[in-house]
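Worksheet for the structure shown next.
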Amino acid sequence: MKIAEENSSGKSEITMDDVKNLMEKKDEIEEQIKAYYDVLEDQGVGVEGPLVDEEGFPRADVNLYQIRAARHNISCLQNDHKAIMAEIEEALHLLHAREKAKREQDEAEAQDEAMEQQITLPPPFARVDAVTQGSPACGAGLRVGDEVIEFGSVNTGNFQNLQNIASVVQHSEGKPLRVTVIRDGQKAQMSLTPQRWSGRGLLGCNIVPIH
């Protein structure tokens, strides 16, 4: 089959446009077949009607040449129709197979990326379990459930207890701190500036250690 040969040799990649073109050709063939059937119907003989009279002579009441040509063309066109239907089926099969392969590849790549992310991310040492509306923490973008892997100079490697974070906050009033969290399995960074606000403390959030 032409499509398979082109595809396997890498010369052509089947597209939906190719399928549309094949469908248009199929419609054209069907119209031509119908036109030739109309010719036979006009002559009153159909595809199988006899072309000789009872005495075995060619019928004089019909156009023999036109009938023979129509019957021959119908036969050829039906073969063409069968071939193009096979081409359409094969093209659709190739398209579906390629879509499936692409989808599986995308899923595999996304899975690999997620695994790499998990491998490279350090384990969190604390979790945000409350954020007050209108607070510095809220303004910085901290959310409940964020898992902290870096809070200013405190990180997974040197964290001992919450006093470490409290100390950094007290010494950084009015200065932006880099805070890195894990959110929905992805790393997110933000700048948080401890400062006085209408609520308690300098942050407006509650952080608990992860043991």
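In the structure tokens, chains take the letters A, B, ... in the order shown, each chain's residues start at 1, and ligands count up from 1 in the order shown.
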
Give me the segment 58-166 of chain A side of the contact with segment 184-193 of chain A, cut-off 9 Å, one line per residue showing its nearest atom pair and distance in Å at one decimal, counting only C-alpha atoms, sorted by chain and residue number, as JSON lines.
```
{"residue": "A:Ala114", "atom": "CA", "partner": "A:Gly185", "partner_atom": "CA", "distance": 7.8}
{"residue": "A:Gln117", "atom": "CA", "partner": "A:Gln186", "partner_atom": "CA", "distance": 7.2}
{"residue": "A:Gln118", "atom": "CA", "partner": "A:Gly185", "partner_atom": "CA", "distance": 7.3}
{"residue": "A:Leu121", "atom": "CA", "partner": "A:Lys187", "partner_atom": "CA", "distance": 7.6}
{"residue": "A:Pro136", "atom": "CA", "partner": "A:Thr193", "partner_atom": "CA", "distance": 6.6}
{"residue": "A:Ala137", "atom": "CA", "partner": "A:Leu192", "partner_atom": "CA", "distance": 6.4}
{"residue": "A:Gly139", "atom": "CA", "partner": "A:Leu192", "partner_atom": "CA", "distance": 8.1}
{"residue": "A:Ala140", "atom": "CA", "partner": "A:Leu192", "partner_atom": "CA", "distance": 5.3}
{"residue": "A:Gly141", "atom": "CA", "partner": "A:Met190", "partner_atom": "CA", "distance": 6.9}
{"residue": "A:Leu142", "atom": "CA", "partner": "A:Met190", "partner_atom": "CA", "distance": 7.9}
{"residue": "A:Asp146", "atom": "CA", "partner": "A:Asp184", "partner_atom": "CA", "distance": 8.4}
```

I need the residues from that last selection saved to file as a compact mmCIF listing (two decimals), in the first residue's frame (with N, CA and C atoms), if you can.
```txt
# COMPACT_ATOMS: atom_id res chain seq x y z
N ALA A 114 8.52 14.34 37.18
CA ALA A 114 8.03 14.36 38.56
C ALA A 114 8.98 13.59 39.48
N GLN A 117 12.11 15.58 40.03
CA GLN A 117 11.80 16.68 40.96
C GLN A 117 11.84 16.16 42.39
N GLN A 118 11.23 14.98 42.61
CA GLN A 118 11.18 14.41 43.95
C GLN A 118 12.58 14.03 44.44
N LEU A 121 14.57 17.37 45.25
CA LEU A 121 14.07 18.23 46.32
C LEU A 121 14.48 17.67 47.69
N PRO A 136 1.85 39.66 56.40
CA PRO A 136 3.03 39.60 55.51
C PRO A 136 3.15 38.23 54.83
N ALA A 137 2.86 37.15 55.58
CA ALA A 137 2.96 35.80 55.00
C ALA A 137 1.96 35.62 53.86
N GLY A 139 0.64 38.06 52.04
CA GLY A 139 1.08 38.92 50.94
C GLY A 139 2.23 38.31 50.14
N ALA A 140 3.07 37.53 50.83
CA ALA A 140 4.22 36.89 50.15
C ALA A 140 3.79 35.69 49.32
N GLY A 141 2.58 35.17 49.60
CA GLY A 141 2.08 34.02 48.82
C GLY A 141 2.16 32.69 49.54
N LEU A 142 2.47 32.71 50.84
CA LEU A 142 2.49 31.45 51.59
C LEU A 142 1.07 30.90 51.68
N ASP A 146 1.86 24.36 52.63
CA ASP A 146 3.21 24.51 52.07
C ASP A 146 4.21 23.83 53.00
```

Non-local contacts of Ile67 of chain A (12 Å; only C-alpha atoms; under 6 positions in same chain excluded) as a ChimeraX atom specification: /A:36-51,59,61,73-74

Need to verify the contact set: Gly204 of chain A, 9 Å, only C-alpha atoms, exclusion of same-chain residues closer than 6 positions in sequence. Can you return it as an NGL selection string? :A and (130-138 or 197)

With all heavy atoms kept, could you save the residues just selected as a PDB file, in the first residue's frame?
```pdb
ATOM      1  N   ALA A 130      -1.303  27.497  59.096  1.00  0.00           N
ATOM      2  CA  ALA A 130      -2.269  28.608  59.165  1.00  0.00           C
ATOM      3  C   ALA A 130      -1.648  29.857  58.569  1.00  0.00           C
ATOM      4  O   ALA A 130      -0.458  30.120  58.762  1.00  0.00           O
ATOM      5  CB  ALA A 130      -2.683  28.865  60.612  1.00  0.00           C
ATOM      6  N   VAL A 131      -2.433  30.601  57.811  1.00  0.00           N
ATOM      7  CA  VAL A 131      -1.997  31.886  57.244  1.00  0.00           C
ATOM      8  C   VAL A 131      -3.139  32.883  57.442  1.00  0.00           C
ATOM      9  O   VAL A 131      -4.266  32.632  57.024  1.00  0.00           O
ATOM     10  CB  VAL A 131      -1.655  31.775  55.732  1.00  0.00           C
ATOM     11  CG1 VAL A 131      -1.266  33.133  55.172  1.00  0.00           C
ATOM     12  CG2 VAL A 131      -0.541  30.768  55.486  1.00  0.00           C
ATOM     13  N   THR A 132      -2.846  34.022  58.071  1.00  0.00           N
ATOM     14  CA  THR A 132      -3.880  35.030  58.333  1.00  0.00           C
ATOM     15  C   THR A 132      -3.998  35.989  57.152  1.00  0.00           C
ATOM     16  O   THR A 132      -2.984  36.458  56.615  1.00  0.00           O
ATOM     17  CB  THR A 132      -3.537  35.820  59.615  1.00  0.00           C
ATOM     18  OG1 THR A 132      -3.305  34.900  60.674  1.00  0.00           O
ATOM     19  CG2 THR A 132      -4.686  36.739  60.007  1.00  0.00           C
ATOM     20  N   GLN A 133      -5.251  36.253  56.776  1.00  0.00           N
ATOM     21  CA  GLN A 133      -5.520  37.169  55.662  1.00  0.00           C
ATOM     22  C   GLN A 133      -4.950  38.555  55.986  1.00  0.00           C
ATOM     23  O   GLN A 133      -5.065  39.043  57.111  1.00  0.00           O
ATOM     24  CB  GLN A 133      -7.044  37.275  55.469  1.00  0.00           C
ATOM     25  CG  GLN A 133      -7.465  37.693  54.077  1.00  0.00           C
ATOM     26  CD  GLN A 133      -7.172  36.622  53.030  1.00  0.00           C
ATOM     27  OE1 GLN A 133      -7.065  35.454  53.359  1.00  0.00           O
ATOM     28  NE2 GLN A 133      -7.007  37.024  51.799  1.00  0.00           N
ATOM     29  N   GLY A 134      -4.290  39.173  55.001  1.00  0.00           N
ATOM     30  CA  GLY A 134      -3.761  40.523  55.176  1.00  0.00           C
ATOM     31  C   GLY A 134      -2.414  40.585  55.876  1.00  0.00           C
ATOM     32  O   GLY A 134      -1.880  41.668  56.120  1.00  0.00           O
ATOM     33  N   SER A 135      -1.842  39.411  56.193  1.00  0.00           N
ATOM     34  CA  SER A 135      -0.548  39.368  56.893  1.00  0.00           C
ATOM     35  C   SER A 135       0.611  39.393  55.901  1.00  0.00           C
ATOM     36  O   SER A 135       0.423  39.177  54.706  1.00  0.00           O
ATOM     37  CB  SER A 135      -0.468  38.091  57.731  1.00  0.00           C
ATOM     38  OG  SER A 135      -0.442  36.956  56.861  1.00  0.00           O
ATOM     39  N   PRO A 136       1.850  39.655  56.397  1.00  0.00           N
ATOM     40  CA  PRO A 136       3.028  39.595  55.512  1.00  0.00           C
ATOM     41  C   PRO A 136       3.153  38.225  54.833  1.00  0.00           C
ATOM     42  O   PRO A 136       3.509  38.146  53.652  1.00  0.00           O
ATOM     43  CB  PRO A 136       4.192  39.853  56.468  1.00  0.00           C
ATOM     44  CG  PRO A 136       3.599  40.680  57.573  1.00  0.00           C
ATOM     45  CD  PRO A 136       2.214  40.160  57.747  1.00  0.00           C
ATOM     46  N   ALA A 137       2.861  37.150  55.580  1.00  0.00           N
ATOM     47  CA  ALA A 137       2.960  35.795  55.002  1.00  0.00           C
ATOM     48  C   ALA A 137       1.961  35.620  53.863  1.00  0.00           C
ATOM     49  O   ALA A 137       2.280  35.055  52.805  1.00  0.00           O
ATOM     50  CB  ALA A 137       2.709  34.746  56.078  1.00  0.00           C
ATOM     51  N   CYS A 138       0.734  36.144  54.068  1.00  0.00           N
ATOM     52  CA  CYS A 138      -0.308  36.058  53.035  1.00  0.00           C
ATOM     53  C   CYS A 138       0.101  36.861  51.802  1.00  0.00           C
ATOM     54  O   CYS A 138      -0.018  36.396  50.665  1.00  0.00           O
ATOM     55  CB  CYS A 138      -1.629  36.570  53.606  1.00  0.00           C
ATOM     56  SG  CYS A 138      -2.990  36.533  52.433  1.00  0.00           S
ATOM     57  N   TRP A 197       2.392  44.456  61.583  1.00  0.00           N
ATOM     58  CA  TRP A 197       1.130  44.596  60.861  1.00  0.00           C
ATOM     59  C   TRP A 197       0.009  44.616  61.894  1.00  0.00           C
ATOM     60  O   TRP A 197       0.261  44.645  63.089  1.00  0.00           O
ATOM     61  CB  TRP A 197       0.965  43.473  59.831  1.00  0.00           C
ATOM     62  CG  TRP A 197       0.909  42.093  60.421  1.00  0.00           C
ATOM     63  CD1 TRP A 197       1.900  41.444  61.071  1.00  0.00           C
ATOM     64  CD2 TRP A 197      -0.226  41.224  60.461  1.00  0.00           C
ATOM     65  NE1 TRP A 197       1.492  40.221  61.510  1.00  0.00           N
ATOM     66  CE2 TRP A 197       0.181  40.053  61.138  1.00  0.00           C
ATOM     67  CE3 TRP A 197      -1.534  41.304  59.991  1.00  0.00           C
ATOM     68  CZ2 TRP A 197      -0.685  38.983  61.360  1.00  0.00           C
ATOM     69  CZ3 TRP A 197      -2.387  40.229  60.205  1.00  0.00           C
ATOM     70  CH2 TRP A 197      -1.967  39.083  60.885  1.00  0.00           C
TER      71      TRP A 197
END
```

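One finds atom CA of Ala91 of chain A at 8.0 Å from atom CA of Asp18 of chain A.
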
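Using only C-alpha atoms, the residues found no farther than 12 Å from segment 98-107 of chain A, other than those of its own chain fewer than 4 positions away, are Asn7, Glu13, Ile14, Thr15, Met16, Ala91, Leu92, His93, Leu94, Gln111, Asp112, Glu113 and Ala114 of chain A.
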
When DSSP works through the backbone of this structure, what residues of segment 21-163 of chain A end up as strand (DSSP E), shown as a CSV table (one decimal) with all heavy atoms, in the first residue's frame?
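Listing of states_27.csv after writing:
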```csv
chain,number,residue,atom,x,y,z
A,126,ALA,N,9.5,21.8,57.9
A,126,ALA,CA,8.4,22.4,58.6
A,126,ALA,C,7.2,22.6,57.6
A,126,ALA,O,7.4,22.5,56.4
A,126,ALA,CB,8.8,23.8,59.2
A,127,ARG,N,6.0,22.7,58.2
A,127,ARG,CA,4.8,22.9,57.4
A,127,ARG,C,4.0,24.1,57.8
A,127,ARG,O,3.9,24.3,59.1
A,127,ARG,CB,4.0,21.6,57.4
A,127,ARG,CG,2.8,21.6,56.4
A,127,ARG,CD,2.0,20.3,56.5
A,127,ARG,NE,1.3,20.2,57.7
A,127,ARG,CZ,1.6,19.3,58.7
A,127,ARG,NH1,2.6,18.5,58.5
A,127,ARG,NH2,0.9,19.2,59.8
A,128,VAL,N,3.4,24.8,56.9
A,128,VAL,CA,2.6,26.0,57.2
A,128,VAL,C,1.2,25.4,57.5
A,128,VAL,O,0.6,24.8,56.6
A,128,VAL,CB,2.5,27.0,56.0
A,128,VAL,CG1,1.6,28.1,56.4
A,128,VAL,CG2,3.9,27.5,55.7
A,129,ASP,N,0.6,25.6,58.7
A,129,ASP,CA,-0.7,25.1,59.0
A,129,ASP,C,-1.7,26.2,59.2
A,129,ASP,O,-2.9,25.9,59.5
A,129,ASP,CB,-0.7,24.1,60.1
A,129,ASP,CG,-0.5,24.7,61.5
A,129,ASP,OD1,-0.1,25.9,61.6
A,129,ASP,OD2,-0.7,24.0,62.5
A,130,ALA,N,-1.3,27.5,59.1
A,130,ALA,CA,-2.3,28.6,59.2
A,130,ALA,C,-1.6,29.9,58.6
A,130,ALA,O,-0.5,30.1,58.8
A,130,ALA,CB,-2.7,28.9,60.6
A,131,VAL,N,-2.4,30.6,57.8
A,131,VAL,CA,-2.0,31.9,57.2
A,131,VAL,C,-3.1,32.9,57.4
A,131,VAL,O,-4.3,32.6,57.0
A,131,VAL,CB,-1.7,31.8,55.7
A,131,VAL,CG1,-1.3,33.1,55.2
A,131,VAL,CG2,-0.5,30.8,55.5
A,147,GLU,N,5.1,23.1,52.4
A,147,GLU,CA,6.2,22.4,53.2
A,147,GLU,C,7.5,23.1,53.0
A,147,GLU,O,8.0,23.2,51.9
A,147,GLU,CB,6.3,20.9,52.8
A,147,GLU,CG,5.0,20.1,53.1
A,147,GLU,CD,5.0,18.7,52.7
A,147,GLU,OE1,5.7,18.4,51.7
A,147,GLU,OE2,4.5,17.8,53.4
A,148,VAL,N,8.1,23.6,54.1
A,148,VAL,CA,9.2,24.5,54.0
A,148,VAL,C,10.5,23.7,53.9
A,148,VAL,O,10.8,22.8,54.7
A,148,VAL,CB,9.3,25.4,55.3
A,148,VAL,CG1,10.4,26.4,55.2
A,148,VAL,CG2,8.0,26.1,55.5
A,149,ILE,N,11.4,24.0,52.9
A,149,ILE,CA,12.7,23.4,52.8
A,149,ILE,C,13.8,24.5,52.9
A,149,ILE,O,15.0,24.2,53.1
A,149,ILE,CB,12.9,22.7,51.4
A,149,ILE,CG1,12.6,23.6,50.2
A,149,ILE,CG2,12.0,21.5,51.3
A,149,ILE,CD1,12.8,23.0,48.9
A,150,GLU,N,13.4,25.8,52.9
A,150,GLU,CA,14.4,26.9,53.2
A,150,GLU,C,13.6,28.1,53.7
A,150,GLU,O,12.6,28.5,53.2
A,150,GLU,CB,15.0,27.2,51.8
A,150,GLU,CG,16.1,28.3,52.0
A,150,GLU,CD,16.7,28.7,50.6
A,150,GLU,OE1,16.0,28.5,49.6
A,150,GLU,OE2,17.8,29.2,50.6
A,151,PHE,N,14.1,28.6,54.8
A,151,PHE,CA,13.5,29.8,55.4
A,151,PHE,C,14.7,30.8,55.8
A,151,PHE,O,15.3,30.6,56.8
A,151,PHE,CB,12.7,29.5,56.6
A,151,PHE,CG,11.7,30.5,57.0
A,151,PHE,CD1,10.4,30.5,56.8
A,151,PHE,CD2,12.2,31.7,57.7
A,151,PHE,CE1,9.5,31.5,57.1
A,151,PHE,CE2,11.3,32.7,58.1
A,151,PHE,CZ,10.0,32.6,57.8
A,154,VAL,N,17.9,29.3,57.3
A,154,VAL,CA,17.5,27.9,57.8
A,154,VAL,C,17.2,27.0,56.7
A,154,VAL,O,16.4,27.4,55.8
A,154,VAL,CB,16.4,28.0,58.8
A,154,VAL,CG1,16.1,26.7,59.4
A,154,VAL,CG2,16.7,29.0,59.9
A,155,ASN,N,17.8,25.8,56.7
A,155,ASN,CA,17.4,24.8,55.6
A,155,ASN,C,17.3,23.4,56.2
A,155,ASN,O,17.5,23.3,57.4
A,155,ASN,CB,18.4,24.9,54.5
A,155,ASN,CG,19.8,24.7,54.9
A,155,ASN,OD1,20.1,23.8,55.8
A,155,ASN,ND2,20.8,25.5,54.5
```

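Among the candidates A:Arg196, A:Arg183, A:Lys25, A:Lys175, the one nearest to Ile88 of chain A when counting only C-alpha atoms is A:Lys25.
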
Backbone-only DSSP, alpha helix (DSSP H) members of chain A, as a PyMOL selection string: chain A and resi 2-9+16-43+64-120+136-140+162-170
